Structures are given as structure tokens and as C-alpha cells.
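Here is input.txt, consisting of compact mmCIF, C-alpha atoms:
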# COMPACT_ATOMS: atom_id res chain seq x y z
CA ILE A 631 -9.60 26.20 -10.80
CA LEU A 632 -12.96 27.95 -10.79
CA ALA A 633 -11.80 31.57 -10.68
CA ALA A 634 -8.71 33.71 -10.27
CA GLY A 635 -7.96 37.38 -9.88
CA ALA A 636 -6.44 40.03 -7.67
CA ASP A 637 -7.86 41.84 -4.67
CA PRO A 638 -6.51 45.33 -3.78
CA GLN A 639 -6.34 44.42 -0.10
CA HIS A 640 -5.22 40.78 -0.20
CA GLY A 641 -3.42 40.42 -3.53
CA ALA A 642 -3.69 37.60 -6.05
CA TYR A 643 -6.04 34.69 -5.39
CA TYR A 644 -7.57 31.67 -7.06
CA MET A 645 -10.60 29.54 -6.21
CA GLN A 646 -10.72 25.76 -6.43
CA GLU A 647 -13.54 23.26 -6.31
CA LEU A 648 -14.36 21.92 -2.84
CA LEU A 649 -14.16 18.15 -3.09
CA LYS A 650 -15.11 15.26 -0.85
CA ALA A 651 -12.19 13.11 -1.83
CA ARG A 652 -9.17 11.15 -0.65
CA THR A 653 -5.83 10.85 -2.39
CA LEU A 654 -4.94 7.62 -4.13
CA ARG A 655 -2.09 7.29 -1.66
CA LYS A 656 -4.45 7.55 1.31
CA ILE A 657 -6.86 5.01 -0.17
CA VAL A 658 -4.12 2.42 -0.70
CA VAL A 659 -2.35 3.05 2.62
CA ASP A 660 -5.71 2.69 4.40
CA GLY A 661 -5.91 -0.86 3.08
CA MET A 662 -8.17 -0.74 0.05
CA LYS A 663 -7.21 -3.37 -2.50
CA LEU A 664 -8.37 -2.88 -6.06
CA THR A 665 -8.88 -5.51 -8.71
CA TRP A 666 -7.10 -5.15 -12.04
CA ARG A 667 -10.25 -3.83 -13.75
CA ASP A 668 -11.05 -1.43 -10.91
CA GLY A 669 -7.59 0.07 -11.19
CA LEU A 670 -7.83 0.20 -14.97
CA GLU A 671 -10.84 2.48 -14.65
CA PHE A 672 -8.83 4.90 -12.54
CA ALA A 673 -5.92 4.63 -14.98
CA GLY A 674 -8.22 5.59 -17.83
CA GLN A 675 -9.43 8.68 -16.01
CA ILE A 676 -5.91 9.78 -15.11
CA ALA A 677 -4.70 9.23 -18.68
CA ALA A 678 -7.65 11.16 -20.08
CA GLY A 679 -6.87 14.07 -17.75
CA LEU A 680 -3.23 14.02 -18.84
CA GLN A 681 -4.28 13.92 -22.49
CA ALA A 682 -6.38 17.07 -21.96
CA LEU A 683 -3.41 18.82 -20.34
CA HIS A 684 -0.95 17.77 -23.01
CA GLU A 685 -3.22 18.79 -25.87
CA ALA A 686 -3.47 22.21 -24.24
CA GLY A 687 0.32 22.47 -24.25
CA LEU A 688 0.64 21.87 -20.49
CA VAL A 689 2.51 19.33 -18.39
CA HIS A 690 1.44 18.26 -14.92
CA GLY A 691 4.97 17.58 -13.69
CA GLN A 692 3.95 16.63 -10.12
CA LEU A 693 1.86 13.50 -10.66
CA TRP A 694 2.14 10.89 -7.90
CA PRO A 695 -0.41 9.05 -5.70
CA GLY A 696 -0.54 12.04 -3.35
CA SER A 697 -1.77 14.34 -6.15
CA VAL A 698 -4.47 11.99 -7.50
CA LEU A 699 -7.80 12.62 -5.78
CA ILE A 700 -10.64 10.08 -5.82
CA THR A 701 -14.03 11.55 -5.00
CA VAL A 702 -16.88 9.78 -3.23
CA ASP A 703 -18.42 9.29 -6.68
CA GLN A 704 -15.25 7.50 -7.84
CA ASP A 705 -14.25 10.35 -10.15
CA VAL A 706 -10.56 11.21 -10.52
CA LYS A 707 -9.26 14.75 -10.06
CA LEU A 708 -5.64 15.68 -10.68
CA GLU A 709 -4.30 18.07 -8.09
CA ALA A 710 -1.39 20.42 -8.68
CA ALA A 711 -1.10 22.34 -5.46
CA GLY A 712 2.16 23.96 -6.50
CA GLY A 713 1.05 24.83 -10.01
CA LEU A 714 1.75 22.98 -13.24
CA ALA A 715 5.35 22.22 -14.11
CA GLU A 716 7.72 25.05 -14.92
CA PRO A 717 10.99 23.92 -16.56
CA THR A 718 13.01 26.52 -14.65
CA ARG A 719 11.74 25.45 -11.23
CA THR A 720 13.99 23.13 -9.23
CA LEU A 721 12.55 19.82 -8.13
CA ALA A 722 13.44 20.46 -4.50
CA GLU A 723 10.99 23.38 -4.58
CA ILE A 724 8.03 21.20 -5.53
CA LEU A 725 8.75 17.64 -4.41
CA ASN A 726 10.58 15.78 -1.68
CA GLY A 727 10.65 12.37 -0.05
CA PRO A 728 8.72 9.55 -1.75
CA ALA A 729 7.22 11.85 -4.41
CA LEU A 730 10.65 12.02 -6.07
CA GLY A 731 10.29 8.34 -6.98
CA TYR A 732 7.60 9.30 -9.51
CA VAL A 733 9.74 11.86 -11.37
CA ALA A 734 11.09 10.58 -14.70
CA PRO A 735 14.85 9.91 -14.82
CA GLU A 736 15.44 12.44 -17.59
CA ARG A 737 13.80 15.15 -15.47
CA LEU A 738 15.99 14.23 -12.51
CA ARG A 739 19.01 14.60 -14.77
CA GLY A 740 18.04 18.15 -15.67
CA ALA A 741 15.81 17.87 -18.76
CA ARG A 742 12.74 20.06 -18.97
CA ALA A 743 9.32 18.73 -17.96
CA LEU A 744 7.65 16.99 -20.91
CA PRO A 745 4.50 14.86 -21.37
CA ALA A 746 6.67 11.72 -21.34
CA GLY A 747 7.47 12.45 -17.69
CA ASP A 748 3.77 12.47 -16.82
CA LEU A 749 3.40 9.03 -18.42
CA PHE A 750 6.30 7.71 -16.31
CA ALA A 751 4.52 9.04 -13.23
CA LEU A 752 1.26 7.39 -14.32
CA GLY A 753 3.07 4.06 -14.45
CA GLY A 754 4.39 4.68 -10.95
CA CYS A 755 0.87 5.45 -9.70
CA LEU A 756 -0.41 2.16 -11.13
CA TYR A 757 2.53 0.29 -9.59
CA PHE A 758 1.66 1.80 -6.21
CA LEU A 759 -2.05 1.10 -6.66
CA TYR A 760 -1.54 -2.63 -7.24
CA ALA A 761 1.64 -3.34 -5.25
CA GLY A 762 0.63 -1.23 -2.25
CA ARG A 763 4.10 0.32 -2.12
CA ASP A 764 6.15 2.95 -3.91
CA PRO A 765 8.13 1.62 -6.88
CA TYR A 766 11.25 3.11 -5.30
CA ALA A 767 10.48 2.60 -1.62
CA LEU A 768 13.42 4.35 0.04
CA ARG A 769 13.34 6.93 2.82
CA ASP A 770 16.32 9.00 1.75
CA SER A 771 15.59 11.41 -1.10
CA ALA A 772 19.11 11.30 -2.54
CA ALA A 773 18.91 7.50 -2.64
CA ILE A 774 15.54 7.68 -4.40
CA VAL A 775 16.99 9.96 -7.08
CA ALA A 776 19.92 7.59 -7.62
CA ALA A 777 17.63 4.55 -7.80
CA VAL A 778 15.22 6.10 -10.31
CA CYS A 779 18.10 7.10 -12.58
CA GLY A 780 19.97 3.81 -12.34
CA GLN A 781 17.58 0.94 -11.62
CA ASP A 782 14.26 -0.52 -12.69
CA PRO A 783 11.80 -1.12 -9.84
CA LEU A 784 11.16 -4.67 -8.72
CA PRO A 785 8.85 -6.34 -11.28
CA ILE A 786 5.19 -5.79 -10.49
CA LYS A 787 4.58 -9.56 -10.88
CA ASP A 788 6.82 -10.07 -7.82
CA GLN A 789 4.64 -7.72 -5.77
CA THR A 790 1.11 -8.87 -6.61
CA ASP A 791 -0.75 -11.52 -8.60
CA ALA A 792 -3.56 -9.05 -9.43
CA VAL A 793 -1.90 -7.78 -12.62
CA PRO A 794 -2.14 -9.99 -15.75
CA PRO A 795 0.81 -10.32 -18.18
CA ASP A 796 -0.46 -7.61 -20.53
CA GLY A 797 -0.93 -5.33 -17.52
CA GLN A 798 2.63 -6.01 -16.40
CA GLU A 799 3.90 -5.04 -19.85
CA PHE A 800 1.65 -1.97 -19.84
CA ILE A 801 3.12 -0.70 -16.56
CA ALA A 802 6.66 -1.56 -17.71
CA ARG A 803 6.19 0.52 -20.87
CA LEU A 804 4.99 3.50 -18.86
CA MET A 805 7.90 3.22 -16.41
CA ALA A 806 10.65 2.67 -18.98
CA ARG A 807 13.66 4.76 -17.93
CA ASP A 808 14.35 5.60 -21.58
CA PRO A 809 11.53 7.91 -22.73
CA GLN A 810 11.81 6.53 -26.27
CA ARG A 811 10.72 3.15 -24.89
CA ARG A 812 7.58 4.63 -23.32
CA TYR A 813 4.24 5.31 -24.93
CA ALA A 814 4.41 8.18 -27.39
CA SER A 815 1.38 9.95 -25.93
CA ALA A 816 -1.51 9.75 -23.47
CA ALA A 817 -3.72 8.90 -26.46
CA ALA A 818 -1.64 5.76 -27.07
CA VAL A 819 -2.02 4.87 -23.38
CA LEU A 820 -5.80 5.23 -23.62
CA ALA A 821 -5.86 3.06 -26.75
CA ASP A 822 -4.13 0.21 -24.90
CA ILE A 823 -6.41 0.64 -21.89
CA ALA A 824 -9.33 0.14 -24.30
CA ASN A 825 -7.58 -2.93 -25.73
CA MET A 826 -7.16 -4.49 -22.29
CA ARG A 827 -10.76 -3.76 -21.32
CA ALA A 828 -11.87 -5.55 -24.49
CA GLY A 829 -9.55 -8.50 -23.89
CA LYS A 830 -7.36 -7.58 -26.86
CA PRO A 831 -3.53 -7.60 -26.89
CA LEU A 832 -1.51 -4.44 -26.45
CA ALA A 833 -0.72 -2.52 -29.62
CA PRO A 834 2.90 -2.56 -30.81
CA LEU A 835 4.83 0.32 -29.29
CA GLN A 836 5.11 3.01 -31.95
CA GLY A 837 8.14 5.24 -31.80
CA GLY A 838 7.99 6.13 -28.14
CA ALA A 839 8.11 9.56 -26.55
CA PRO A 840 10.48 12.21 -27.93
CA ALA A 841 13.96 12.15 -26.46
CA ALA A 842 14.39 14.60 -23.60
CA VAL A 843 16.64 17.59 -24.19
CA PRO A 844 18.68 18.63 -21.13
CA ASP A 845 18.16 22.35 -21.61
CA ILE A 846 18.42 23.22 -17.91
CA ASP A 847 21.74 24.09 -16.33
CA ALA A 848 23.14 20.85 -14.91
CA THR A 849 24.06 22.66 -11.70
CA MET A 850 20.33 22.80 -10.90
CA MET A 851 20.25 19.06 -10.29
CA VAL A 852 23.43 19.21 -8.19
CA SER A 853 21.70 21.81 -6.06
CA ASP A 854 18.53 19.72 -5.89
CA ALA A 855 20.44 16.62 -4.83
CA GLN A 856 22.13 18.54 -2.05
CA ARG A 857 18.86 20.08 -0.87
CA VAL A 858 16.80 16.91 -0.86
CA ALA A 859 19.63 15.00 0.85
CA ALA A 860 19.57 17.64 3.59
CA LEU A 861 15.93 16.94 4.45
CA SER A 862 15.63 15.53 7.95
CA LYS A 863 14.94 11.84 8.48
CA ALA A 864 12.00 12.80 10.65
CA GLN A 865 10.37 14.75 7.82
CA LEU A 866 10.89 11.92 5.35
CA ALA A 867 9.48 9.39 7.82
CA GLU A 868 6.30 11.46 8.09
CA THR A 869 5.82 11.63 4.31
CA SER A 870 6.75 8.04 3.47
CA ALA A 871 4.61 4.98 4.08
CA ALA A 872 7.36 2.70 2.78
CA PRO A 873 9.09 0.09 4.96
CA ALA A 874 12.81 0.36 5.74
CA PRO A 875 14.91 -0.68 2.72
CA ALA A 876 16.96 -3.85 2.58
CA PRO A 877 20.70 -3.39 1.97
CA GLN A 878 20.55 -5.01 -1.52
CA PRO A 879 18.93 -4.29 -3.88
CA ALA A 880 18.24 -0.59 -3.31
CA VAL A 881 14.48 -1.21 -3.33
CA ALA A 882 12.77 -2.13 -0.07
CA GLU A 883 10.71 -5.27 0.48
CA ALA A 884 7.03 -5.06 -0.29
CA ALA A 885 4.59 -4.18 2.42
CA PRO A 886 1.95 -6.82 3.35
CA LYS A 887 -0.93 -6.89 0.91
CA PRO A 888 -4.05 -5.21 2.35
CA ALA A 889 -7.22 -7.25 2.64
CA GLN A 890 -10.01 -4.74 2.01
CA ARG A 891 -11.46 -4.69 -1.52
CA ALA A 892 -12.75 -1.81 -3.53
CA PRO A 893 -16.26 -1.62 -4.98
CA SER A 894 -16.85 -3.24 -8.37
CA SER A 895 -15.62 -1.32 -11.39
CA ALA A 896 -19.23 -1.17 -12.58
CA GLY A 897 -19.77 1.72 -10.18
CA LEU A 898 -16.81 3.76 -11.41
CA ARG A 899 -17.24 6.76 -13.68
CA ALA A 900 -14.74 7.45 -16.42
CA THR A 901 -15.27 11.19 -16.97
CA PRO A 902 -11.84 12.84 -16.70
CA SER A 903 -11.41 16.06 -14.78
CA VAL A 904 -8.37 18.16 -13.99
CA SER A 905 -8.38 20.67 -11.16

If you took the structure in this file and wrote it as C-alpha cells, what would it be?
Amino acid sequence: ILAAGADPQHGAYYMQELLKARTLRKIVVDGMKLTWRDGLEFAGQIAAGLQALHEAGLVHGQLWPGSVLITVDQDVKLEAAGGLAEPTRTLAEILNGPALGYVAPERLRGARALPAGDLFALGGCLYFLYAGRDPYALRDSAAIVAAVCGQDPLPIKDQTDAVPPDGQEFIARLMARDPQRRYASAAAVLADIANMRAGKPLAPLQGGAPAAVPDIDATMMVSDAQRVAALSKAQLAETSAAPAPAPQPAVAEAAPKPAQRAPSSAGLRATPSVS
């Protein structure tokens, strides 16, 4: 945000940077396939942006491939069109359809938005980037909520051969349904990104994120589940690029791998920016 204020005639306003950019979701759906190292550059920029937010006492709360912008200069910008997370705001007010698959299980159960939830969403973004599909690729929002809370996504190794074993473990740590089995902070995520770039093993997981405290009235999530389930199938079809799910398990089959390749990671810039 570049400026904000209030105008006597038009009321409150804010001004954002005008960007020539596409969302990460658009880039992947359009068929761009990234190598492991290319994607790791983007992961580093996203993690650095989250670290800046968290150190300022903020939580993004709406991170998913549709809110990650990639500029023509290969810089990452984190969009939060609805504002940063507010613990008292219901999820149905800010997210619906496939975006719900990137919300941490503890948040879906009614806990307040915490940095650990942003790290879960980062793992989901990396899963989508490499697999070319949502980790919970279902069209019905209520089913997505149930799947996130009760199942692990299909292993990334079953979706693509682009991710090495350490990368598979890295994504699994980020997407752990128990926040205490995730990275403790964005700084720890950046440290392991540096390890992988240098060909070093991942650091032992230290402690994990703090346990989530369900300090929101549980009826909020009942209301959310009812509201997202009421969304029309037509609306969900427009917002989801996922294929129709198979009956079992509750995660749909992977979409065909796209053929187009991204530019070399040498051309990517790692300066984080949050808008």
C-alpha cells in the first residue's frame, strides 16, 4: 500500500502499486512448468515476505496461489485484497472454493489466525507449483474443509518427479496438519531453503509452531461450513481449475503435467516485497 486516507466526498481510500504481474495460479494453469530450483527461488521470496509480516506482528491469513503475484521481473508480491487476517472474521467472508484448501486445519476448526497458518499455506502453494494441482482438489467447499482437517494430501512424489527427497520432506513439514510438526517460523523455513540451495541436508525440526488456541466461538465454523456449502456449483466451477474428484480417496487425480518450462532460476530476483 502506497498511501491511505479519507476524502470528504468519497470516504476512506487506499492506493496500491500498479503491477505488471500474473498470479502464481494463473502461471501454473497456463502451463508453465518450473524446475525445483526455479520454484525454490519463489519459495524464498514468499517466505521472506511472510517473515517481514510476522516480525511486524501481522499474519497474512489469505495466502494461496491466487494471492501470490509474480511480476515480469520475476519478483514476488503478496496480495491481500481483503486485508490481512482478522481473528474475528469468518472464513466464508474472505475465502471460498479452492482457496479453502490452503487454510490450516486449526484455523478451519476455529483457532485464531497465526503465523503457523501462513506456513501451511506456503506449503500448499509449493505443492500447487510443482504438482500443477491443488493439494485438496475438490470442487465442493464443505468437502475441502473436511479433507484439510482429516486427511493429508496425496504425496508430492506421486504427482511429480521434479521434487527431490529433501524437497518432499520440506513441503511435508510445511503442510503438517499438526502445527507443532511444522516449522517454528518463517526464519526456519528460509534457513532450510538456504540449506537446499547449497546442497546441504534439512536442519532437524526444532520445536515446531506454537499450538493453536481455539479462542473463537465454535459456532463461527458451523456457520462458515453452512455458508461455503451453500455456494453454487457454478461459482465453484469458475474458481477451481481442479479436475472432478474420484470417489476414493477424497483427493482428485492429478491433472496432466504441463510442458512449458520457466526461465532459468539465474534470472530470478530474491528481494521480498509485500503489498

### Task
Check the smallest atom-to-atom distance from each of A:Cys779, A:Leu832, A:Ala814, A:Leu683 to Asp796 (chain A) using all atoms listed in the file, then report the winner.
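The answer is A:Leu832, which sits nearest to Asp796 (chain A).
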
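The interatomic distance for the pair CA of Ala633 (chain A) and CA of Ala686 (chain A) works out to 18.5 Å.
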
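Straight-line separation from CA of Tyr760 (chain A) to CA of Leu664 (chain A): 6.9 Å.
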
### Query
Any idea what's packed within 12 Å of Ser815 (chain A), counting all atoms listed in the file, ignoring anything in its chain fewer than 6 positions away? Could you give it as a PyMOL selection string?
chain A and resi 677-678+680-685+744-750+752+803-804+809+821-822+835-840

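If you look at CA of His690 (chain A) and CA of Gln675 (chain A), they are 14.5 Å away from each other.
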
Which centre and edge lengths in Å to one decimal define the box along x, y and z that fits every listed atom of region 770-788 of chain A plus 3 Å per side, as JSON?
{"center_x": 12.3, "center_y": 0.7, "center_z": -5.5, "size_x": 21.4, "size_y": 27.5, "size_z": 20.4}

### Message
So, with all atoms listed in the file as the atoms that count, which of A:Glu736, A:Asp808, A:Glu671, A:Asp791 lies closest to Val706 (chain A)?
### Response
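Using all atoms listed in the file, Val706 (chain A) sits closest to A:Glu671.
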
### Task
Around the point (-4.8, 0.2, -11.6), in the coordinates given by the file, pick out the residues reaching within 12 Å, counting all atoms listed in the file, and return them as a VMD selection string.
chain A and resid 654 658 663 to 677 695 752 to 762 786 790 792 to 794 797 to 798 800 to 801 823 826 892 895

### Task
Could you tell me which of A:Leu730, A:Ala743, A:Ile657, A:Ile700 comes closest to Ala773 (chain A) if we count all atoms listed in the file?
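Under the stated criterion, the closest residue is A:Leu730.
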
### Message
Using all atoms listed in the file, which protein or nucleic acid residues come within 9 Å of Val775 (chain A)? Drop anything in the same chain fewer than 4 positions from it, and give the result as a ChimeraX atom specification.
### Response
/A:730-731,733,735,738,770-771,779-780,855
